[in-house]
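Only one structure is covered here, and it is reproduced in the block below.
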Amino acid sequence: MSHYIEELNSDMLIAGLHWIPRWRINNGQKDSFVIPFPTTYPVNIVYHGESKFKYGQYGIHLGQQDTLTFLGDEKQRILAKFIDCRKNSVTFKQRMSFYITPSSEKTLIIPPGVAHTFHNLENIFTLNTYKIFLPPLEQFPHGTTQWSPENDIINIPEDILTEEIVGYQPMSEAAADLVYHRVADFQAEHLQKHQYQHAETREFMLDDGRKVNLKLREKIEESSHTDLAISRINGVSFKTLPSIKTGKESGIIPLTRKTPFYLVEHGTKNYDFDSYGLHLGQEDHLIFLGSKKQPITLMLVDMREGSDTLFVEEELTFYPSPDVELIIPCGVAHALLNMAKIITVNRPIIYLDKQGDYLPGHDVIDWPIENTDYISYKTNPTAADMDYYIEMVARQHEMMKDLPSHNTPKSVVVYDESTGKYVKVLLKEKVQDKATP
């Protein structure tokens, strides 16, 4: 763990509230990175709009550990406030607050039962790779648990007095893979029909003295993206993702595909792709996080052998939106312009070759934009199954035990005069040891 993360954690006053470092690899310039997230579990992108934003109340999860990566301008200061509401915690009723600067290098862990709220979240995107906890197993046969997933969050006023704080018992049984995958399936099936804002839960006292939690939610008007760009290349499309509204400009987008994903952070300076990227075994599913006023240019060339739109070139302009996904099939070369201050989330679908293999570091081909002497490629034919993704996650976890040894590789196609064939050459730049002068 870096000294920076250790220093942040040394100031924590609430048990279990802490930062973890993120493994990331340089992507060609000083402040550009690729950040892998090895998981097949559902993930939430939380967006807060561009107007002044704060929650105005605390939220408490009893069965969910929030695992938050804050993305946005690193100069922006987010006020974070916490109260330990776990009745059996050694730091019960302890309060604390601190400022957060957004960065992909660190992730905040908030245990179940710790109340939290944030101010100054405008223009910030939060990635929540949450963990689920269930009631103790012994409660299920007797039906003594009063908790349910859909009533997990409890809201309390931000100005609550210490003596008014109620102690809660958070869930303690770590959920299995099956639970996460069932949650993903449920979200994928039902969110398309969602017609309500994200619910708030309040505790009310009945006339007979009993306390109950009631869910309050407001019906919302249907909305749709009417100006999605349309491509002439087969299989390239922009797709609106289901979301849950939390306000006029804010909401949550659950990513439910059971594949590992990664972020690409493009830095703050001018960032244009100097070549097309071409995958033979990866179908990109890209979400663009950034200012909704920033135009992005997408350049495309279809280089799929046998495609009806083979060698069709295209240039499209679109704007970032957290609930729109760009799908680029295997074999379609693509380049993006004006990507400064933009972060992409890519949860791709992997296709295996005839031998049932796929090598992530060797899949991409970098094709110079100025080279219009296109050649066609056979793309991988077989969609990977769940077993492959589980193995992929395990490999990524193993890789991330060590610091990156190289920057992201660059793969170029060159003509070999001795054989008369085009060959792919992989170029890897070694990470310079910071201890080396």
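Numbering starts fresh at 1 for the residues of each chain in the structure tokens, the chains themselves are lettered A, B, ... in the order given, and ligands are numbered from 1 as they appear.
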
Inset, instruction - Find the residues near Pro260 (chain A): any atom within 7 Å, counting only C-alpha atoms, skip ones fewer than 5 places away on the same chain, and give them as a list in words. - result: Phe37, Pro38, Thr39, Thr40, Arg347 and Val393 of chain A

Legend entry - Contacts of region 265-273 of chain A at 6 Å (only C-alpha atoms; same-chain gap of 4+ positions) as a ChimeraX atom specification: /A:31-33,335-343

Inset, instruction - Mind giving me the straight-line distance from CA of Gly356 (chain A) to CA of Arg257 (chain A) in Å, one decimal? - result: 21.0 Å

Legend entry - Neighbour list for Gly56 (chain A) as number ranges by chain, cut-off 9 Å, only C-alpha atoms, skip fewer than 2 positions in-chain: A: 53-54, 58, 117-119, 157-158

Inset, instruction - Would you work out the distance separating CA of Ala184 (chain A) from CA of Ile156 (chain A), expressed in Å to one decimal? - result: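 Separation between CA of Ala184 (chain A) and CA of Ile156 (chain A): 28.1 Å.
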
Inset, instruction - Find the residue from A:Glu325, A:Glu105, A:Glu74, A:Asp385 that sits nearest to Leu255 (chain A); use only C-alpha atoms when measuring. - result: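 Among the listed residues, A:Glu325 lies closest to Leu255 (chain A).
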
Legend entry - region 278-280 of chain A surroundings by only C-alpha atoms, 7 Å radius, close-in-sequence under 2 positions cut, as a ChimeraX atom specification: /A:276,282,330-334,363-366,379-380

Inset, instruction - Could you tell me which of A:Leu286, A:Leu127, A:Leu228, A:Val264 comes closest to Thr317 (chain A) if we count only C-alpha atoms? - result: A:Leu228

Inset, instruction - Choose the residue, out of A:His285, A:Lys106, A:Lys81, A:Lys258, that has the smallest atom-to-atom separation from Tyr4 (chain A); count only C-alpha atoms. - result: A:Lys106

Inset, instruction - Kindly indicate which residue among A:Ile14, A:Leu241, A:Val46, A:Val34 lies nearest to His116 (chain A), using only C-alpha atoms for the distances. - result: A:Ile14

Legend entry - Selected residue of minimal separation from Gly290 (chain A) among A:Met400, A:Met303, A:Val345, A:Ala174, counting only C-alpha atoms: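 Counting only C-alpha atoms, the residue closest to Gly290 (chain A) is A:Val345.
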
Legend entry - Spatial neighbours of Ser2 (chain A), 9 Å, only C-alpha atoms, chain gap at least 4 places, as an MDAnalysis selection string: chainID A and resid 6:7 21

Dump C-alpha atoms for the selected residues as a short mmCIF file (atom, residue, chain, number, x, y, z; two decimals), in the first residue's frame?
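Here's the written file again_37.cif:
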```
data_model
loop_
_atom_site.label_atom_id
_atom_site.label_comp_id
_atom_site.auth_asym_id
_atom_site.auth_seq_id
_atom_site.Cartn_x
_atom_site.Cartn_y
_atom_site.Cartn_z
CA GLU A 6 -1.50 4.81 4.59
CA GLU A 7 -1.49 8.49 5.57
CA PRO A 21 -5.17 1.81 -3.67
#
```

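Separating CA of Ser307 (chain A) from CA of Phe238 (chain A) is a distance of 19.6 Å.
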